[in-house]
$ cat start-v8.cif   # mmCIF, C-alpha atoms and all ligand atoms
data_coords
#
loop_
_atom_site.group_PDB
_atom_site.id
_atom_site.type_symbol
_atom_site.label_atom_id
_atom_site.label_comp_id
_atom_site.auth_asym_id
_atom_site.auth_seq_id
_atom_site.Cartn_x
_atom_site.Cartn_y
_atom_site.Cartn_z
ATOM 1 C CA MET A 93 -34.638 12.636 -82.925
ATOM 2 C CA LYS A 94 -37.351 10.227 -84.014
ATOM 3 C CA CYS A 95 -37.327 8.193 -87.203
ATOM 4 C CA PRO A 96 -40.120 9.564 -89.425
ATOM 5 C CA TYR A 97 -40.867 6.023 -90.669
ATOM 6 C CA CYS A 98 -41.097 3.949 -87.487
ATOM 7 C CA GLY A 99 -40.608 6.376 -84.603
ATOM 8 C CA ALA A 100 -37.486 4.707 -83.235
ATOM 9 C CA THR A 101 -34.988 7.067 -81.629
ATOM 10 C CA ASP A 102 -31.766 5.180 -82.358
ATOM 11 C CA ALA A 103 -30.029 6.175 -85.552
ATOM 12 C CA ARG A 104 -26.524 6.412 -86.830
ATOM 13 C CA VAL A 105 -25.241 9.440 -88.694
ATOM 14 C CA VAL A 106 -24.055 8.503 -92.162
ATOM 15 C CA ASP A 107 -23.228 11.975 -93.426
ATOM 16 C CA THR A 108 -22.728 15.438 -91.896
ATOM 17 C CA ARG A 109 -22.670 18.565 -93.944
ATOM 18 C CA GLU A 110 -22.532 22.243 -93.091
ATOM 19 C CA VAL A 111 -25.144 24.273 -94.883
ATOM 20 C CA GLY A 112 -25.416 28.021 -94.372
ATOM 21 C CA ASP A 113 -25.756 28.584 -90.633
ATOM 22 C CA GLY A 114 -26.765 25.017 -89.848
ATOM 23 C CA ILE A 115 -25.707 21.393 -90.018
ATOM 24 C CA ARG A 116 -27.498 18.813 -92.104
ATOM 25 C CA ARG A 117 -27.198 15.208 -91.041
ATOM 26 C CA ARG A 118 -28.128 12.155 -92.972
ATOM 27 C CA ARG A 119 -29.223 9.430 -90.549
ATOM 28 C CA GLU A 120 -29.981 5.783 -90.833
ATOM 29 C CA CYS A 121 -32.555 4.325 -88.463
ATOM 30 C CA LEU A 122 -31.186 1.360 -86.531
ATOM 31 C CA ALA A 123 -34.644 -0.216 -86.274
ATOM 32 C CA CYS A 124 -35.949 -0.044 -89.858
ATOM 33 C CA SER A 125 -32.821 1.000 -91.793
ATOM 34 C CA GLN A 126 -34.651 3.850 -93.524
ATOM 35 C CA ARG A 127 -32.599 6.985 -94.137
ATOM 36 C CA TYR A 128 -33.746 10.485 -93.309
ATOM 37 C CA THR A 129 -32.274 13.963 -93.036
ATOM 38 C CA THR A 130 -32.196 16.242 -90.027
ATOM 39 C CA TYR A 131 -31.273 19.877 -89.958
ATOM 40 C CA GLU A 132 -29.745 21.600 -86.937
ATOM 41 C CA GLN A 133 -29.462 25.307 -86.534
ATOM 42 C CA VAL A 134 -26.125 26.036 -84.875
ATOM 43 C CA ALA A 135 -25.691 29.772 -84.475
ATOM 44 C CA LYS A 136 -27.887 32.592 -83.247
ATOM 45 C CA VAL A 137 -29.308 31.084 -80.140
ATOM 46 C CA ASN A 138 -30.686 33.783 -77.905
ATOM 47 C CA LEU A 139 -27.782 34.878 -75.790
ATOM 48 C CA MET A 140 -28.709 36.538 -72.525
ATOM 49 C CA VAL A 141 -26.430 38.949 -70.719
ATOM 50 C CA ILE A 142 -26.495 38.890 -66.922
ATOM 51 C CA LYS A 143 -26.102 42.444 -65.728
ATOM 52 C CA ARG A 144 -24.418 43.424 -62.491
ATOM 53 C CA ASP A 145 -27.729 43.799 -60.680
ATOM 54 C CA GLY A 146 -28.729 40.303 -61.792
ATOM 55 C CA ARG A 147 -31.202 41.356 -64.470
ATOM 56 C CA ARG A 148 -31.074 39.601 -67.833
ATOM 57 C CA GLU A 149 -30.988 41.357 -71.144
ATOM 58 C CA LEU A 150 -30.839 39.999 -74.678
ATOM 59 C CA PHE A 151 -27.332 40.331 -76.116
ATOM 60 C CA ASP A 152 -27.335 43.258 -78.491
ATOM 61 C CA ARG A 153 -24.486 43.495 -80.977
ATOM 62 C CA ASN A 154 -25.284 47.123 -81.751
ATOM 63 C CA LYS A 155 -25.068 48.070 -78.127
ATOM 64 C CA LEU A 156 -21.638 46.454 -77.894
ATOM 65 C CA LEU A 157 -20.551 48.203 -81.090
ATOM 66 C CA ASP A 158 -21.822 51.481 -79.679
ATOM 67 C CA GLY A 159 -19.841 51.039 -76.464
ATOM 68 C CA VAL A 160 -16.621 50.292 -78.337
ATOM 69 C CA TRP A 161 -17.201 53.238 -80.669
ATOM 70 C CA LYS A 162 -17.666 55.589 -77.723
ATOM 71 C CA ALA A 163 -14.399 54.423 -76.197
ATOM 72 C CA CYS A 164 -12.621 54.967 -79.522
ATOM 73 C CA ALA A 165 -14.135 58.396 -80.202
ATOM 74 C CA LYS A 166 -11.578 60.780 -81.722
ATOM 75 C CA ARG A 167 -8.892 58.131 -81.410
ATOM 76 C CA PRO A 168 -6.808 56.862 -84.334
ATOM 77 C CA VAL A 169 -8.711 53.572 -84.478
ATOM 78 C CA ALA A 170 -9.913 52.385 -87.866
ATOM 79 C CA SER A 171 -13.581 51.502 -88.217
ATOM 80 C CA GLU A 172 -12.492 48.114 -89.575
ATOM 81 C CA ASP A 173 -10.668 47.495 -86.289
ATOM 82 C CA VAL A 174 -13.799 48.299 -84.292
ATOM 83 C CA GLU A 175 -15.904 46.022 -86.504
ATOM 84 C CA ARG A 176 -13.314 43.268 -86.279
ATOM 85 C CA MET A 177 -13.120 43.463 -82.482
ATOM 86 C CA VAL A 178 -16.895 43.325 -82.128
ATOM 87 C CA GLY A 179 -17.071 40.449 -84.613
ATOM 88 C CA GLU A 180 -14.426 38.505 -82.681
ATOM 89 C CA ILE A 181 -16.146 39.119 -79.364
ATOM 90 C CA GLU A 182 -19.499 38.087 -80.803
ATOM 91 C CA SER A 183 -18.184 34.789 -82.132
ATOM 92 C CA SER A 184 -16.284 34.097 -78.890
ATOM 93 C CA LEU A 185 -19.493 34.664 -76.939
ATOM 94 C CA TYR A 186 -21.515 32.300 -79.095
ATOM 95 C CA GLY A 187 -18.549 29.946 -79.041
ATOM 96 C CA LEU A 188 -18.833 29.634 -75.257
ATOM 97 C CA GLY A 189 -21.936 27.566 -75.886
ATOM 98 C CA GLN A 190 -23.751 29.128 -72.948
ATOM 99 C CA SER A 191 -27.166 30.737 -73.019
ATOM 100 C CA GLU A 192 -26.237 33.306 -70.388
ATOM 101 C CA VAL A 193 -23.042 35.316 -70.062
ATOM 102 C CA PRO A 194 -22.180 37.837 -67.342
ATOM 103 C CA SER A 195 -21.769 41.387 -68.676
ATOM 104 C CA ARG A 196 -18.365 41.352 -67.012
ATOM 105 C CA THR A 197 -17.156 38.604 -69.353
ATOM 106 C CA ILE A 198 -18.058 40.772 -72.338
ATOM 107 C CA GLY A 199 -16.346 43.742 -70.732
ATOM 108 C CA GLU A 200 -13.164 41.751 -70.209
ATOM 109 C CA MET A 201 -13.202 40.636 -73.846
ATOM 110 C CA VAL A 202 -13.537 44.236 -75.010
ATOM 111 C CA MET A 203 -10.775 45.478 -72.702
ATOM 112 C CA GLU A 204 -8.423 42.709 -73.732
ATOM 113 C CA ARG A 205 -8.720 43.835 -77.356
ATOM 114 C CA LEU A 206 -8.858 47.591 -76.835
ATOM 115 C CA ARG A 207 -5.710 47.413 -74.773
ATOM 116 C CA LYS A 208 -3.775 46.177 -77.803
ATOM 117 C CA VAL A 209 -5.355 48.679 -80.173
ATOM 118 C CA ASP A 210 -5.401 51.980 -78.285
ATOM 119 C CA GLY A 211 -4.406 52.754 -74.699
ATOM 120 C CA VAL A 212 -6.711 55.748 -74.273
ATOM 121 C CA ALA A 213 -9.726 53.875 -75.659
ATOM 122 C CA TYR A 214 -8.905 51.043 -73.292
ATOM 123 C CA VAL A 215 -8.794 53.288 -70.228
ATOM 124 C CA ARG A 216 -12.021 55.030 -71.256
ATOM 125 C CA PHE A 217 -13.814 51.742 -71.624
ATOM 126 C CA ALA A 218 -12.332 50.265 -68.467
ATOM 127 C CA SER A 219 -13.275 53.273 -66.356
ATOM 128 C CA VAL A 220 -16.916 52.839 -67.349
ATOM 129 C CA TYR A 221 -16.929 49.091 -67.159
ATOM 130 C CA ARG A 222 -14.903 48.174 -64.154
ATOM 131 C CA SER A 223 -16.212 48.297 -60.627
ATOM 132 C CA PHE A 224 -14.969 50.824 -58.122
ATOM 133 C CA ALA A 225 -12.777 48.188 -56.445
ATOM 134 C CA ASP A 226 -10.784 47.851 -59.647
ATOM 135 C CA LEU A 227 -9.969 51.532 -59.916
ATOM 136 C CA GLU A 228 -6.690 51.196 -58.061
ATOM 137 C CA THR A 229 -5.542 48.568 -60.541
ATOM 138 C CA LEU A 230 -6.664 50.805 -63.355
ATOM 139 C CA LYS A 231 -4.760 53.774 -61.974
ATOM 140 C CA HIS A 232 -1.670 51.605 -61.763
ATOM 141 C CA GLU A 233 -2.083 50.590 -65.397
ATOM 142 C CA VAL A 234 -2.515 54.202 -66.489
ATOM 143 C CA ASP A 235 0.642 55.170 -64.625
ATOM 144 C CA GLN A 236 2.563 52.419 -66.350
ATOM 145 C CA MET A 237 1.180 53.469 -69.695
ATOM 146 C CA LEU A 238 2.226 57.097 -69.130
ATOM 147 C CA GLU A 239 5.679 55.977 -68.074
ATOM 148 C CA ARG A 240 6.064 53.953 -71.237
ATOM 149 C CA GLY A 241 4.776 56.916 -73.263
ATOM 150 C CA SER A 242 7.232 59.450 -71.810
ATOM 151 C CA GLY A 243 10.099 57.020 -72.058
ATOM 152 C CA GLY A 244 9.528 56.941 -75.821
HETATM 153 ZN ZN ZN B 301 -37.076 3.699 -88.459
#

$ encode --input "start-v8.cif" --output "structure tokens" --more "lines below"
Ligand SMILES: [Zn+2]
Amino acid sequence: MKCPYCGATDARVVDTREVGDGIRRRRECLACSQRYTTYEQVAKVNLMVIKRDGRRELFDRNKLLDGVWKACAKRPVASEDVERMVGEIESSLYGLGQSEVPSRTIGEMVMERLRKVDGVAYVRFASVYRSFADLETLKHEVDQMLERGSGG
């Protein structure tokens, strides 16, 4: 950040304020003592998803929403719950502060939430998302779930 008056790069921040989706900072130049304002955009950096085959794809909220909806089809899951889960996952992803996230990380976040909301939706999602190697674990989880269900 260069001082607009003298071009020096050393400044101290005298005030920080959140405005909308950014942060406004009031700075004082250490060389000439002039004050100036900078504005930093915080959210909505382009988040790339690394797919299993290594290809990159721009993170698409609607695609995530669509996947969760499919898993919850005909299940007693409120649309607010689906929206809330996707909202939480979205902010966690941006909160990681990384520009690239493996698709698996997103999948784990979805499963973690679906599991608490609806067992069937969770298994549906997991069966699509998890790799073949994980299927044994999944089968084990389903068995446990059925046991719990029949036990009342
Ligand atoms: Zn200056």

$ residues_around --input "start-v8.cif" --residues "stretch 117-126 of chain A" --least-positions-apart "2" --cutoff "10 Å" --atoms "only C-alpha atoms" --output "number ranges by chain"
A: 93-110, 114-115, 128-132

$ residues_around --input "start-v8.cif" --residues "stretch 188-190 of chain A" --least-positions-apart "5" --cutoff "9 Å" --atoms "all atoms listed in the file" --output "MDAnalysis selection string"
chainID A and resid 139:140 183

$ residues_around --input "start-v8.cif" --residues "A:Arg176" --least-positions-apart "3" --cutoff "12 Å" --atoms "all atoms listed in the file" --output "ChimeraX atom specification"
/A:157,160,169-173,179-183,202,205-206,209

$ residues_around --input "start-v8.cif" --residues "A:Gly159" --least-positions-apart "4" --cutoff "8 Å" --atoms "all atoms listed in the file" --output "count of residues only"
3

$ residues_around --input "start-v8.cif" --residues "stretch 211-213 of chain A" --least-positions-apart "3" --cutoff "10 Å" --atoms "all atoms listed in the file" --output "list in words"
Val160, Trp161, Lys162, Ala163, Cys164, Ala165, Lys166, Arg167, Pro168, Val169, Met203, Leu206, Arg207, Lys208, Arg216, Phe217, Ala218, Ser219, Glu233, Val234, Met237 and Leu238 of chain A

$ atom_distance --input "start-v8.cif" --atom1 "atom CA of A:Gly146" --atom2 "atom CA of A:Lys231"
27.5 Å

$ closest_residue --input "start-v8.cif" --among "A:Arg127, A:Lys143, A:His232, A:Arg240" --to "ligand ZN 301 (chain B)" --atoms "only C-alpha atoms and all ligand atoms"
A:Arg127

$ atom_distance --input "start-v8.cif" --atom1 "atom CA of A:Val220" --atom2 "atom CA of A:Gly187"
25.8 Å

$ axis_aligned_box --input "start-v8.cif" --around "stretch 160-166 of chain A" --padding-each-side "4 Å" --output "JSON"
{"center_x": -14.6, "center_y": 55.5, "center_z": -79.0, "size_x": 14.1, "size_y": 18.5, "size_z": 13.5}

$ atom_distance --input "start-v8.cif" --atom1 "atom CA of A:Phe151" --atom2 "atom CA of A:Val215"
23.4 Å

$ closest_residue --input "start-v8.cif" --among "A:Ile142, A:Met177, A:Val111, A:Thr229" --to "A:Arg196" --atoms "only C-alpha atoms"
A:Ile142

$ decode --input "start-v8.cif" --residues "stretch 158-169 of chain A" --atoms "N, CA and C atoms" --output "PDB file, in the first residue's frame"
ATOM      1  N   ASP A 158     -27.817 -27.947  -5.044  1.00  0.00           N
ATOM      2  CA  ASP A 158     -28.466 -28.970  -5.845  1.00  0.00           C
ATOM      3  C   ASP A 158     -28.136 -30.376  -5.325  1.00  0.00           C
ATOM      4  N   GLY A 159     -26.868 -30.587  -5.001  1.00  0.00           N
ATOM      5  CA  GLY A 159     -26.433 -31.884  -4.492  1.00  0.00           C
ATOM      6  C   GLY A 159     -27.098 -32.231  -3.171  1.00  0.00           C
ATOM      7  N   VAL A 160     -27.196 -31.222  -2.288  1.00  0.00           N
ATOM      8  CA  VAL A 160     -27.813 -31.450  -0.978  1.00  0.00           C
ATOM      9  C   VAL A 160     -29.310 -31.709  -1.149  1.00  0.00           C
ATOM     10  N   TRP A 161     -29.922 -30.932  -2.059  1.00  0.00           N
ATOM     11  CA  TRP A 161     -31.355 -31.130  -2.324  1.00  0.00           C
ATOM     12  C   TRP A 161     -31.651 -32.543  -2.815  1.00  0.00           C
ATOM     13  N   LYS A 162     -30.803 -33.020  -3.725  1.00  0.00           N
ATOM     14  CA  LYS A 162     -30.995 -34.367  -4.280  1.00  0.00           C
ATOM     15  C   LYS A 162     -30.939 -35.408  -3.175  1.00  0.00           C
ATOM     16  N   ALA A 163     -29.970 -35.235  -2.269  1.00  0.00           N
ATOM     17  CA  ALA A 163     -29.831 -36.190  -1.169  1.00  0.00           C
ATOM     18  C   ALA A 163     -31.058 -36.163  -0.259  1.00  0.00           C
ATOM     19  N   CYS A 164     -31.660 -34.978  -0.138  1.00  0.00           N
ATOM     20  CA  CYS A 164     -32.799 -34.812   0.782  1.00  0.00           C
ATOM     21  C   CYS A 164     -34.150 -35.024   0.103  1.00  0.00           C
ATOM     22  N   ALA A 165     -34.143 -35.413  -1.160  1.00  0.00           N
ATOM     23  CA  ALA A 165     -35.396 -35.570  -1.899  1.00  0.00           C
ATOM     24  C   ALA A 165     -36.363 -36.499  -1.171  1.00  0.00           C
ATOM     25  N   LYS A 166     -37.588 -36.063  -1.027  1.00  0.00           N
ATOM     26  CA  LYS A 166     -38.655 -36.833  -0.375  1.00  0.00           C
ATOM     27  C   LYS A 166     -38.333 -37.228   1.064  1.00  0.00           C
ATOM     28  N   ARG A 167     -37.419 -36.485   1.669  1.00  0.00           N
ATOM     29  CA  ARG A 167     -37.108 -36.722   3.078  1.00  0.00           C
ATOM     30  C   ARG A 167     -37.688 -35.575   3.905  1.00  0.00           C
ATOM     31  N   PRO A 168     -37.998 -35.850   5.176  1.00  0.00           N
ATOM     32  CA  PRO A 168     -38.570 -34.768   6.001  1.00  0.00           C
ATOM     33  C   PRO A 168     -37.505 -33.761   6.435  1.00  0.00           C
ATOM     34  N   VAL A 169     -36.904 -33.092   5.454  1.00  0.00           N
ATOM     35  CA  VAL A 169     -35.900 -32.070   5.748  1.00  0.00           C
ATOM     36  C   VAL A 169     -36.435 -30.728   5.259  1.00  0.00           C
TER      37      VAL A 169
END
